[in-house]
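Shown next: start25.csv, given as CSV, C-alpha atoms.
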chain,number,residue,atom,x,y,z
C,8,MET,CA,-120.6,-200.9,-36.3
C,9,SER,CA,-118.6,-198.6,-34.1
C,10,ASP,CA,-115.1,-197.3,-34.9
C,11,LYS,CA,-113.8,-199.5,-32.1
C,12,GLU,CA,-115.3,-202.6,-33.6
C,13,GLU,CA,-114.1,-201.7,-37.0
C,14,ASN,CA,-110.6,-201.2,-35.7
C,15,PHE,CA,-110.8,-204.6,-34.0
C,16,ILE,CA,-111.8,-206.3,-37.2
C,17,SER,CA,-109.0,-204.5,-39.1
C,18,ARG,CA,-106.6,-205.7,-36.5
C,19,ILE,CA,-107.8,-209.3,-36.9
C,20,LYS,CA,-107.3,-209.1,-40.7
C,21,GLU,CA,-103.8,-207.8,-40.2
C,22,VAL,CA,-102.8,-210.5,-37.6
C,23,GLU,CA,-101.4,-213.4,-39.6
C,24,SER,CA,-100.1,-215.2,-36.6
C,25,THR,CA,-102.0,-215.7,-33.4
C,26,ASN,CA,-99.0,-214.9,-31.2
C,27,LEU,CA,-99.0,-211.4,-32.7
C,28,ALA,CA,-102.4,-210.7,-31.0
C,29,ARG,CA,-102.5,-208.8,-27.8
C,30,ASP,CA,-103.8,-210.8,-24.8
C,31,GLU,CA,-107.1,-208.8,-24.8
C,32,ILE,CA,-108.0,-209.9,-28.3
C,33,ARG,CA,-106.3,-213.3,-28.5
C,34,ASP,CA,-109.4,-215.4,-27.9
C,35,GLU,CA,-111.4,-213.6,-30.6
C,36,VAL,CA,-108.5,-213.8,-33.1
C,37,ILE,CA,-108.3,-217.5,-32.6
C,38,GLU,CA,-112.0,-218.0,-33.0
C,39,THR,CA,-112.0,-215.8,-36.2
C,40,LYS,CA,-109.1,-217.7,-37.7
C,41,LYS,CA,-110.9,-221.0,-37.0
C,42,ALA,CA,-114.1,-219.7,-38.6
C,43,VAL,CA,-112.2,-218.6,-41.7
C,44,GLU,CA,-110.5,-222.0,-42.0
C,45,LYS,CA,-113.8,-223.8,-41.6
C,46,ASP,CA,-115.4,-221.5,-44.3
C,47,ASN,CA,-112.6,-222.4,-46.7
C,48,ASP,CA,-113.1,-226.1,-46.1
C,49,LEU,CA,-116.8,-225.9,-46.6
C,50,LEU,CA,-116.4,-224.0,-49.8
C,51,ALA,CA,-113.7,-226.5,-51.0
C,52,GLU,CA,-116.2,-229.3,-50.4
C,53,LYS,CA,-118.8,-227.4,-52.5
C,54,ILE,CA,-116.3,-226.9,-55.3
C,55,HIS,CA,-115.4,-230.6,-55.3
C,56,GLN,CA,-119.0,-231.5,-55.6
C,57,ILE,CA,-119.5,-229.0,-58.5
C,58,PHE,CA,-116.5,-230.4,-60.3
C,59,LYS,CA,-117.9,-233.9,-59.8
C,60,ASN,CA,-121.3,-232.9,-61.1
C,61,TYR,CA,-119.7,-231.6,-64.3
C,62,ASN,CA,-117.4,-234.7,-64.6
C,63,ILE,CA,-114.3,-232.4,-64.5
C,64,LYS,CA,-110.9,-233.8,-63.5
C,65,SER,CA,-109.3,-231.2,-61.2
C,66,PHE,CA,-105.8,-230.7,-59.9
C,67,ASP,CA,-104.1,-228.2,-57.5
C,68,ILE,CA,-100.5,-227.8,-58.3
C,69,VAL,CA,-98.2,-226.4,-55.5
C,70,GLY,CA,-94.5,-225.9,-55.3
C,71,ALA,CA,-91.8,-223.2,-54.9
C,72,ILE,CA,-91.1,-220.5,-57.5
C,73,GLY,CA,-88.9,-222.0,-60.2
C,74,ALA,CA,-89.7,-225.7,-59.4
C,75,GLY,CA,-91.3,-226.1,-62.8
C,76,LYS,CA,-95.0,-226.0,-62.2
C,77,THR,CA,-95.7,-223.9,-65.2
C,78,ALA,CA,-93.2,-225.9,-67.4
C,79,LEU,CA,-95.0,-229.1,-66.4
C,80,LEU,CA,-98.4,-227.6,-67.2
C,81,GLU,CA,-97.1,-226.4,-70.6
C,82,ALA,CA,-95.8,-229.9,-71.3
C,83,ILE,CA,-99.1,-231.6,-70.2
C,84,SER,CA,-101.3,-229.0,-71.9
C,85,GLU,CA,-99.4,-229.6,-75.2
C,86,LYS,CA,-100.2,-233.3,-75.0
C,87,ILE,CA,-103.8,-233.2,-73.8
C,88,THR,CA,-105.5,-230.2,-75.3
C,89,SER,CA,-106.3,-232.2,-78.5
C,90,LYS,CA,-108.3,-234.6,-76.3
C,91,TYR,CA,-109.6,-232.5,-73.4
C,92,ARG,CA,-110.9,-229.0,-73.0
C,93,VAL,CA,-108.5,-227.5,-70.4
C,94,LEU,CA,-108.9,-224.5,-68.1
C,95,VAL,CA,-105.8,-223.4,-66.1
C,96,ILE,CA,-106.2,-221.0,-63.2
C,97,CYS,CA,-102.9,-219.4,-62.4
C,98,GLY,CA,-102.1,-217.9,-59.1
C,99,ASP,CA,-99.3,-215.4,-58.8
C,100,ILE,CA,-98.8,-212.3,-56.6
C,101,THR,CA,-98.6,-210.2,-59.7
C,102,THR,CA,-98.2,-210.5,-63.6
C,103,ARG,CA,-99.8,-213.0,-66.0
C,104,VAL,CA,-96.4,-214.4,-67.2
C,105,ASP,CA,-97.4,-218.0,-66.4
C,106,ALA,CA,-100.9,-217.8,-67.9
C,107,ASP,CA,-99.4,-216.3,-71.1
C,108,ARG,CA,-96.9,-219.2,-71.3
C,109,ILE,CA,-99.6,-221.9,-70.8
C,110,GLU,CA,-102.0,-220.3,-73.2
C,111,LYS,CA,-99.6,-220.9,-76.1
C,112,HIS,CA,-100.3,-224.6,-75.6
C,113,ARG,CA,-104.0,-224.2,-76.4
C,114,ALA,CA,-105.3,-224.2,-72.8
C,115,GLU,CA,-107.7,-221.5,-71.6
C,116,THR,CA,-106.2,-219.5,-68.7
C,117,ILE,CA,-107.4,-217.2,-66.0
C,118,GLN,CA,-104.9,-215.3,-63.9
C,119,ILE,CA,-105.5,-214.5,-60.2
C,120,ASN,CA,-103.1,-211.9,-58.8
C,121,THR,CA,-103.1,-212.4,-55.1
C,122,GLY,CA,-101.2,-209.3,-54.2
C,123,ARG,CA,-100.1,-209.7,-50.6
C,124,GLU,CA,-101.7,-213.1,-50.2
C,125,CYS,CA,-99.3,-216.0,-50.6
C,126,ALA,CA,-101.8,-218.8,-51.6
C,127,LEU,CA,-105.0,-219.2,-53.5
C,128,ASN,CA,-108.0,-220.1,-51.4
C,129,ALA,CA,-111.4,-221.8,-52.1
C,130,TYR,CA,-113.1,-218.4,-52.3
C,131,HIS,CA,-110.9,-217.3,-55.2
C,132,VAL,CA,-111.6,-220.6,-57.1
C,133,HIS,CA,-115.3,-220.4,-56.4
C,134,GLN,CA,-115.5,-216.8,-57.7
C,135,ILE,CA,-114.2,-218.1,-61.0
C,136,ILE,CA,-116.2,-221.2,-61.4
C,137,LYS,CA,-119.5,-219.6,-60.5
C,138,ASN,CA,-118.9,-217.2,-63.4
C,139,LYS,CA,-118.0,-220.0,-65.9
C,140,ASP,CA,-120.1,-222.4,-67.9
C,141,LEU,CA,-118.4,-225.5,-66.6
C,142,LYS,CA,-120.0,-227.6,-69.4
C,143,ASN,CA,-117.1,-226.3,-71.5
C,144,TYR,CA,-114.3,-228.0,-69.6
C,145,ASP,CA,-113.0,-231.5,-69.0
C,146,VAL,CA,-109.9,-230.7,-66.9
C,147,ILE,CA,-109.1,-227.8,-64.6
C,148,PHE,CA,-105.6,-227.2,-63.3
C,149,ILE,CA,-105.0,-224.7,-60.5
C,150,GLU,CA,-101.4,-223.5,-60.4
C,151,ASN,CA,-101.0,-222.2,-56.9
C,152,VAL,CA,-98.8,-219.2,-55.9
C,153,GLY,CA,-95.2,-220.3,-55.8
C,154,ASN,CA,-94.1,-221.3,-52.3
C,155,LEU,CA,-94.1,-224.4,-50.2
C,156,ILE,CA,-95.7,-223.0,-47.1
C,157,CYS,CA,-98.9,-221.0,-47.4
C,158,PRO,CA,-100.9,-223.3,-49.7
C,159,SER,CA,-101.0,-225.8,-46.9
C,160,ASP,CA,-103.5,-223.6,-45.1
C,161,PHE,CA,-106.1,-223.8,-47.8
C,162,ILE,CA,-107.6,-226.8,-49.6
C,163,LEU,CA,-109.2,-225.9,-52.9
C,164,GLY,CA,-111.6,-228.8,-53.5
C,165,THR,CA,-109.7,-230.5,-56.4
C,166,ASP,CA,-109.5,-234.2,-57.0
C,167,LYS,CA,-105.8,-234.3,-56.4
C,168,ARG,CA,-103.0,-232.1,-55.2
C,169,LEU,CA,-99.6,-232.3,-56.8
C,170,ILE,CA,-96.5,-231.0,-55.1
C,171,VAL,CA,-93.7,-230.1,-57.4
C,172,VAL,CA,-90.1,-229.8,-56.2
C,173,SER,CA,-86.9,-229.8,-58.3
C,174,THR,CA,-83.3,-231.1,-58.1
C,175,THR,CA,-82.1,-227.5,-58.0
C,176,GLU,CA,-83.8,-226.9,-54.6
C,177,GLY,CA,-81.4,-229.5,-53.0
C,178,GLU,CA,-82.2,-232.9,-51.4
C,179,TRP,CA,-83.4,-231.3,-48.1
C,180,VAL,CA,-86.3,-229.5,-49.7
C,181,VAL,CA,-88.7,-232.4,-49.0
C,182,GLU,CA,-87.9,-232.9,-45.3
C,183,LYS,CA,-88.0,-229.2,-44.7
C,184,HIS,CA,-91.5,-228.8,-46.0
C,185,PRO,CA,-93.5,-231.8,-44.6
C,186,MET,CA,-97.0,-230.1,-44.5
C,187,LEU,CA,-97.6,-230.0,-48.2
C,188,PHE,CA,-96.2,-233.5,-48.7
C,189,GLU,CA,-98.6,-234.7,-46.0
C,190,MET,CA,-101.6,-233.3,-47.9
C,191,SER,CA,-100.6,-234.1,-51.5
C,192,ASP,CA,-101.4,-237.1,-53.6
C,193,ILE,CA,-98.5,-236.9,-56.1
C,194,ALA,CA,-95.0,-235.6,-55.5
C,195,VAL,CA,-93.2,-234.6,-58.7
C,196,ILE,CA,-89.4,-234.3,-58.5
C,197,ASN,CA,-88.7,-232.2,-61.6
C,198,LYS,CA,-85.5,-231.2,-63.4
C,199,ILE,CA,-84.2,-234.7,-63.2
C,200,ASP,CA,-82.1,-233.9,-66.3
C,201,LEU,CA,-79.9,-231.8,-64.0
C,202,LYS,CA,-79.4,-234.5,-61.3
C,203,GLU,CA,-75.9,-235.6,-62.3
C,204,ARG,CA,-74.6,-232.1,-62.8
C,205,LEU,CA,-75.9,-230.9,-59.5
C,206,GLY,CA,-75.2,-234.1,-57.6
C,207,THR,CA,-78.6,-233.9,-55.9
C,208,ASP,CA,-79.5,-237.0,-53.9
C,209,VAL,CA,-82.8,-237.8,-55.6
C,210,ASP,CA,-83.2,-241.1,-53.8
C,211,LYS,CA,-83.3,-239.2,-50.5
C,212,MET,CA,-85.9,-236.9,-51.8
C,213,VAL,CA,-88.1,-239.9,-52.8
C,214,SER,CA,-87.6,-241.7,-49.5
C,215,ASP,CA,-88.3,-238.5,-47.5
C,216,ALA,CA,-91.6,-237.9,-49.4
C,217,LYS,CA,-92.6,-241.6,-48.7
C,218,LYS,CA,-91.6,-241.3,-45.1
C,219,ILE,CA,-93.8,-238.1,-44.6
C,220,ASN,CA,-96.7,-239.5,-46.5
C,221,PRO,CA,-96.6,-243.3,-47.3
C,222,LYS,CA,-99.6,-243.0,-49.6
C,223,ILE,CA,-98.0,-240.4,-51.8
C,224,GLU,CA,-97.1,-241.3,-55.4
C,225,VAL,CA,-93.6,-240.1,-56.2
C,226,ILE,CA,-92.4,-239.5,-59.8
C,227,THR,CA,-89.2,-237.9,-61.2
C,228,THR,CA,-89.7,-235.8,-64.4
C,229,SER,CA,-88.0,-233.4,-66.7
C,230,ALA,CA,-90.4,-230.9,-68.1
C,231,LYS,CA,-87.6,-229.7,-70.4
C,232,THR,CA,-86.7,-233.1,-72.0
C,233,GLY,CA,-90.2,-234.6,-71.6
C,234,GLU,CA,-88.9,-237.5,-69.5
C,235,ASN,CA,-91.7,-239.3,-67.6
C,236,ILE,CA,-94.4,-236.7,-68.5
C,237,GLU,CA,-96.6,-239.4,-70.0
C,238,LYS,CA,-96.1,-241.5,-66.8
C,239,LEU,CA,-97.1,-238.4,-64.7
C,240,MET,CA,-100.2,-238.0,-66.9
C,241,ASN,CA,-101.1,-241.7,-66.3
C,242,LEU,CA,-100.7,-241.1,-62.6
C,243,MET,CA,-103.1,-238.2,-62.9
C,244,GLY,CA,-105.6,-240.2,-64.9
C,245,LEU,CA,-105.2,-238.1,-68.0
I,2,MET,CA,-117.3,-202.8,-74.8
I,3,LYS,CA,-117.4,-198.9,-74.9
I,4,GLU,CA,-120.6,-199.0,-76.9
I,5,GLU,CA,-122.4,-201.2,-74.2
I,6,LEU,CA,-121.0,-198.9,-71.4
I,7,ILE,CA,-122.5,-195.9,-73.1
I,8,LYS,CA,-125.9,-197.6,-73.4
I,9,ILE,CA,-125.7,-198.6,-69.7
I,10,GLU,CA,-124.9,-195.0,-68.7
I,11,GLU,CA,-128.0,-193.9,-70.7
I,12,ILE,CA,-130.3,-196.5,-69.0
I,13,ILE,CA,-129.3,-195.6,-65.5
I,14,LYS,CA,-130.1,-192.0,-66.0
I,15,ASN,CA,-133.8,-192.9,-65.7
I,16,PHE,CA,-134.5,-195.0,-62.6
I,17,ASP,CA,-138.1,-195.8,-63.6
I,18,THR,CA,-137.1,-197.7,-66.7
I,19,ILE,CA,-134.1,-199.7,-65.3
I,20,GLU,CA,-136.1,-202.7,-64.2
I,21,LYS,CA,-137.6,-203.2,-67.7
I,22,SER,CA,-134.4,-202.4,-69.5
I,23,ASP,CA,-131.9,-204.8,-71.0
I,24,ILE,CA,-129.2,-203.8,-68.5
I,25,LYS,CA,-128.5,-207.4,-67.5
I,26,ALA,CA,-127.8,-208.4,-71.0
I,27,LEU,CA,-125.7,-205.3,-71.7
I,28,MET,CA,-123.6,-206.0,-68.6
I,29,LEU,CA,-123.1,-209.6,-69.7
I,30,ARG,CA,-121.9,-208.4,-73.1
I,31,VAL,CA,-119.5,-206.0,-71.4
I,32,PHE,CA,-118.1,-208.8,-69.2
I,33,THR,CA,-117.8,-211.2,-72.2
I,34,LYS,CA,-115.7,-208.6,-74.0
I,35,LEU,CA,-113.7,-207.4,-71.0
I,36,LYS,CA,-110.0,-207.9,-71.0
I,37,SER,CA,-107.8,-207.1,-68.1
I,38,ARG,CA,-106.1,-203.7,-67.9
I,39,LEU,CA,-104.2,-203.3,-64.6
I,40,GLU,CA,-101.3,-201.1,-65.4
I,41,ASN,CA,-102.4,-197.7,-64.3
I,42,TYR,CA,-103.8,-197.9,-60.8
I,43,VAL,CA,-102.4,-196.2,-57.7
I,44,GLY,CA,-102.1,-198.1,-54.5
I,45,ASP,CA,-100.9,-201.3,-52.9
I,46,TYR,CA,-101.1,-204.8,-54.3
I,47,PRO,CA,-104.8,-205.8,-54.4
I,48,THR,CA,-106.1,-209.2,-55.4
I,49,PHE,CA,-107.3,-209.3,-59.0
I,50,ILE,CA,-109.3,-212.1,-60.5
I,51,GLU,CA,-109.4,-211.7,-64.3
I,52,PRO,CA,-110.9,-209.9,-66.0
I,53,VAL,CA,-110.5,-206.5,-64.3
I,54,TYR,CA,-110.3,-203.3,-66.4
I,55,LEU,CA,-109.1,-200.2,-64.7
I,56,GLU,CA,-109.2,-196.9,-66.5
I,57,ASP,CA,-106.5,-194.4,-65.6
I,58,ASN,CA,-105.8,-193.1,-62.1
I,59,VAL,CA,-107.9,-195.5,-60.1
I,60,LYS,CA,-106.9,-195.5,-56.5
I,61,ILE,CA,-107.1,-198.8,-54.6
I,62,GLY,CA,-106.8,-199.2,-50.8
I,63,ASP,CA,-105.5,-202.2,-48.7
I,64,ASP,CA,-106.9,-205.7,-48.7
I,65,VAL,CA,-109.1,-205.2,-51.7
I,66,LEU,CA,-110.4,-208.0,-54.0
I,67,LEU,CA,-111.5,-207.1,-57.5
I,68,GLY,CA,-112.9,-209.5,-60.0
I,69,PRO,CA,-113.9,-211.4,-61.9
I,70,ASN,CA,-115.7,-209.1,-64.3
I,71,VAL,CA,-115.0,-205.6,-63.0
I,72,TYR,CA,-114.8,-202.3,-64.9
I,73,ILE,CA,-113.7,-199.2,-63.0
I,74,GLY,CA,-113.9,-195.8,-64.6
I,75,ALA,CA,-111.1,-193.2,-64.4
I,76,ASN,CA,-110.3,-191.3,-61.2
I,77,SER,CA,-112.3,-193.6,-59.0
I,78,VAL,CA,-111.3,-194.5,-55.5
I,79,ILE,CA,-111.7,-197.9,-53.9
I,80,GLU,CA,-111.2,-197.8,-50.2
I,81,ASP,CA,-109.8,-200.5,-47.9
I,82,TYR,CA,-111.3,-204.0,-47.4
I,83,VAL,CA,-113.6,-203.7,-50.5
I,84,GLU,CA,-114.7,-206.6,-52.6
I,85,ILE,CA,-116.2,-206.1,-56.0
I,86,SER,CA,-117.3,-208.7,-58.7
I,87,ASN,CA,-119.4,-208.6,-61.8
I,88,THR,CA,-119.7,-204.8,-61.5
I,89,ILE,CA,-119.4,-201.6,-63.5
I,90,ILE,CA,-118.3,-198.4,-61.8
I,91,PHE,CA,-118.3,-195.3,-63.9
I,92,GLU,CA,-115.7,-192.5,-63.5
I,93,ASN,CA,-115.0,-190.3,-60.5
I,94,SER,CA,-116.7,-192.6,-58.0
I,95,THR,CA,-115.7,-193.6,-54.5
I,96,ILE,CA,-116.5,-196.9,-53.0
I,97,GLY,CA,-116.4,-196.8,-49.2
I,98,GLN,CA,-114.4,-199.0,-46.8
I,99,ASN,CA,-115.7,-202.6,-46.4
I,100,PHE,CA,-118.2,-202.4,-49.3
I,101,LYS,CA,-119.0,-205.7,-51.0
I,102,LEU,CA,-120.6,-205.2,-54.4
I,103,GLU,CA,-121.8,-208.0,-56.6
I,104,ASN,CA,-123.5,-207.5,-60.0
I,105,CYS,CA,-123.9,-203.8,-59.6
I,106,VAL,CA,-123.6,-200.6,-61.6
I,107,VAL,CA,-122.4,-197.4,-59.9
I,108,ALA,CA,-123.2,-194.2,-61.7
I,109,LYS,CA,-120.4,-191.7,-62.4
I,110,ASN,CA,-119.5,-189.1,-59.8
I,111,SER,CA,-121.0,-191.3,-57.1
I,112,SER,CA,-119.0,-190.7,-53.9
I,113,LEU,CA,-120.3,-193.4,-51.6
I,114,ASN,CA,-118.5,-192.0,-48.5
I,115,PHE,CA,-119.7,-194.5,-45.8
I,116,LYS,CA,-118.5,-197.9,-44.6
I,117,ASN,CA,-119.7,-201.5,-44.3
I,118,PHE,CA,-122.2,-202.0,-47.1
I,119,ASN,CA,-123.1,-205.3,-48.8
I,120,ILE,CA,-125.3,-205.3,-51.9
I,121,LYS,CA,-126.1,-207.3,-55.0
I,122,ASN,CA,-128.0,-206.7,-58.3
I,123,CYS,CA,-128.4,-203.0,-58.0
I,124,VAL,CA,-127.8,-199.6,-59.7
I,125,LEU,CA,-126.3,-197.2,-57.1
I,126,VAL,CA,-126.3,-193.5,-57.5
I,127,GLY,CA,-124.5,-191.1,-55.1
I,128,PRO,CA,-123.2,-188.9,-53.7
I,129,ALA,CA,-124.1,-190.4,-50.3
I,130,LYS,CA,-122.6,-190.1,-46.9
I,131,SER,CA,-124.8,-192.9,-45.4
I,132,LYS,CA,-126.9,-195.8,-46.6
I,133,ASN,CA,-130.0,-193.7,-46.2
I,134,GLU,CA,-128.8,-191.1,-48.6
I,135,LEU,CA,-127.9,-193.6,-51.3
I,136,LYS,CA,-130.2,-193.9,-54.3
I,137,SER,CA,-130.5,-197.5,-55.4
I,138,ILE,CA,-132.7,-199.7,-57.5
I,139,GLU,CA,-132.6,-203.5,-57.9
I,140,PHE,CA,-132.7,-205.1,-61.2

Please rewrite the model in this file as structure tokens.
Amino acid sequence: MSDKEENFISRIKEVESTNLARDEIRDEVIETKKAVEKDNDLLAEKIHQIFKNYNIKSFDIVGAIGAGKTALLEAISEKITSKYRVLVICGDITTRVDADRIEKHRAETIQINTGRECALNAYHVHQIIKNKDLKNYDVIFIENVGNLICPSDFILGTDKRLIVVSTTEGEWVVEKHPMLFEMSDIAVINKIDLKERLGTDVDKMVSDAKKINPKIEVITTSAKTGENIEKLMNLMGL
Amino acid sequence: MKEELIKIEEIIKNFDTIEKSDIKALMLRVFTKLKSRLENYVGDYPTFIEPVYLEDNVKIGDDVLLGPNVYIGANSVIEDYVEISNTIIFENSTIGQNFKLENCVVAKNSSLNFKNFNIKNCVLVGPAKSKNELKSIEF
């Protein structure tokens, strides 16, 4: 490969948005991006089949930093690890803070530090599962990197995707982030214990989620008090 | 883990016996015992999939994916766009730009100073400035 070609590939890797590409390379950038997305989708399909073959229930959990994804996983792990063998894959740009928290509730954890990448992709998940004996697990949770944008670019091959938002993010958070609600199966509105104090219009959040995705199941929870955690687990089939 | 690493280093000194050695089993034992150690590297924010063990003063370039099951010896350099999994790299080695290594062992002091190389299930011994200069054996 010539230096020119290498520079071109490097440039493609750096271009996150097509409109940043110069006119001369625009077509190739678009084709490359399409190919990468297709590769992710194919790998996600493969992962889904692998999980099915091993009879593993799998969940991708997305949401902003501080919405309560980890707290919900702590609460759920606490309740189910006596019944199921649980693996939690935690995505964060750095640290294993979340993995350490969840591990205290008897779930096995693997941390992925994504560095400058703002979402997990199917390749990350596949790298883990191909190195694991999946006979040892009944449930796999994938806690995605905390944000409400990037994870919409990559499906991971799980049975269900949960989106977690919270009353502290304000009642506009749902309508401002439609992509992830469109592609999720369950919407969790967490920190319901703070609803009165914050004055958040939770009804609006519920109706916005339903408007964006009429098929989505919406549930309000408090990971802190345990409110509706059992109901959430029922929705998840756990 | 250190014990297995010493044995692997001994095995790779003699290319003729690698194929018949228990290198695969030893690598598996290293990976089973491997815990992440990420505190002491120099560079940007790579992607790490646990477990990844970095000895002191490992330099890591941009857009690098390490893990799972990666051990990198002290003073090694990982150039840009590298991906490494299930691999042991002994100290003072350099992995060139856009290398993809899976299930490999890189001998110590192996400066692999070339680009764009994708290989699996191999012992690699440098120094090498091109693929042709690289000593490698599959296992």

Pull the closest atom pair for each residue of chain C that gets at most 7 Å from chain I, along with the distance in Å to one decimal, counting only C-alpha atoms, ordering rows by chain and then ascending residue number, as a tab-separated table.
residue	atom	partner	partner_atom	distance
C:Ile117	CA	I:Glu51	CA	6.1
C:Gln118	CA	I:Glu51	CA	5.8
C:Ile119	CA	I:Ile50	CA	4.5
C:Asn120	CA	I:Phe49	CA	4.9
C:Thr121	CA	I:Thr48	CA	4.4
C:Gly122	CA	I:Tyr46	CA	4.5
C:Arg123	CA	I:Tyr46	CA	6.2
C:Ile135	CA	I:Pro69	CA	6.8

Residues at most 9 Å from Leu94 (chain C), counting all atoms listed in the file, excluding those fewer than 5 positions away in the same chain, as a PyMOL selection string?
chain C and resi 114-117+144-149

Which polymer residues have any atom within 12 Å of an atom of Thr88 (chain C), counting only C-alpha atoms, with same-chain residues fewer than 2 positions away left out, as an MDAnalysis selection string?
chainID C and resid 80:86 90:95 109:115 144:147 245

Contacts of Leu113 (chain I) at 8 Å or less, counting only C-alpha atoms, minus same-chain residues fewer than 5 places along, as a list in words?
Ser94, Thr95, Ile96, Gly97, Gly127, Pro128, Ala129, Lys130, Ser131 and Leu135 of chain I

Nearest candidate to Asp99 (chain C) (options C:Ile162, C:Leu127, C:Ile196, C:Leu27; using all atoms listed in the file)
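Ranking C:Ile162, C:Leu127, C:Ile196, C:Leu27 by distance to Asp99 (chain C), first place goes to C:Leu127.
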
Report, in Å with one decimal, the straight-line distance from CA of Ile120 (chain I) to CA of Phe32 (chain I).
19.1 Å

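For the pair CA of Lys64 (chain C) and CA of Thr228 (chain C), the separation is 21.3 Å.
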
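Considering the residues I:Arg38, I:Lys14, I:Lys21, I:Lys60 and counting all atoms listed in the file, Val106 (chain I) has its shortest atom-to-atom contact with I:Lys14.
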
Go ahead and compute the interatomic distance for CA of Ser22 (chain I) and CA of Val83 (chain I), in Å to one decimal.
28.2 Å

Excluding same-chain residues fewer than 5 positions from Leu187 (chain C), what lies within 12 Å of it counting all atoms listed in the file, as a VMD selection string?
chain C and resid 67 to 71 154 to 162 168 to 172 180 to 182 192 to 194 216 219 to 220 223

Which residues, written as a ChimeraX atom specification, have at least one atom at most 6 Å from Leu125 (chain I), with all atoms listed in the file counted and residues fewer than 6 positions away on the same chain left out?
/I:107,136-137

Around the point (-86.1, -226.5, -58.0) (coordinates from the file), which residues reach within 8 Å if we count all atoms listed in the file? Answer as a PyMOL selection string.
chain C and resi 71-75+172-177+197-198

So which residues fall inside 10 Å of (-107.7, -196.0, -59.5) if we count only C-alpha atoms? Mind giving them as a ChimeraX atom specification?
/I:39,41-44,55-62,73-79,92-95
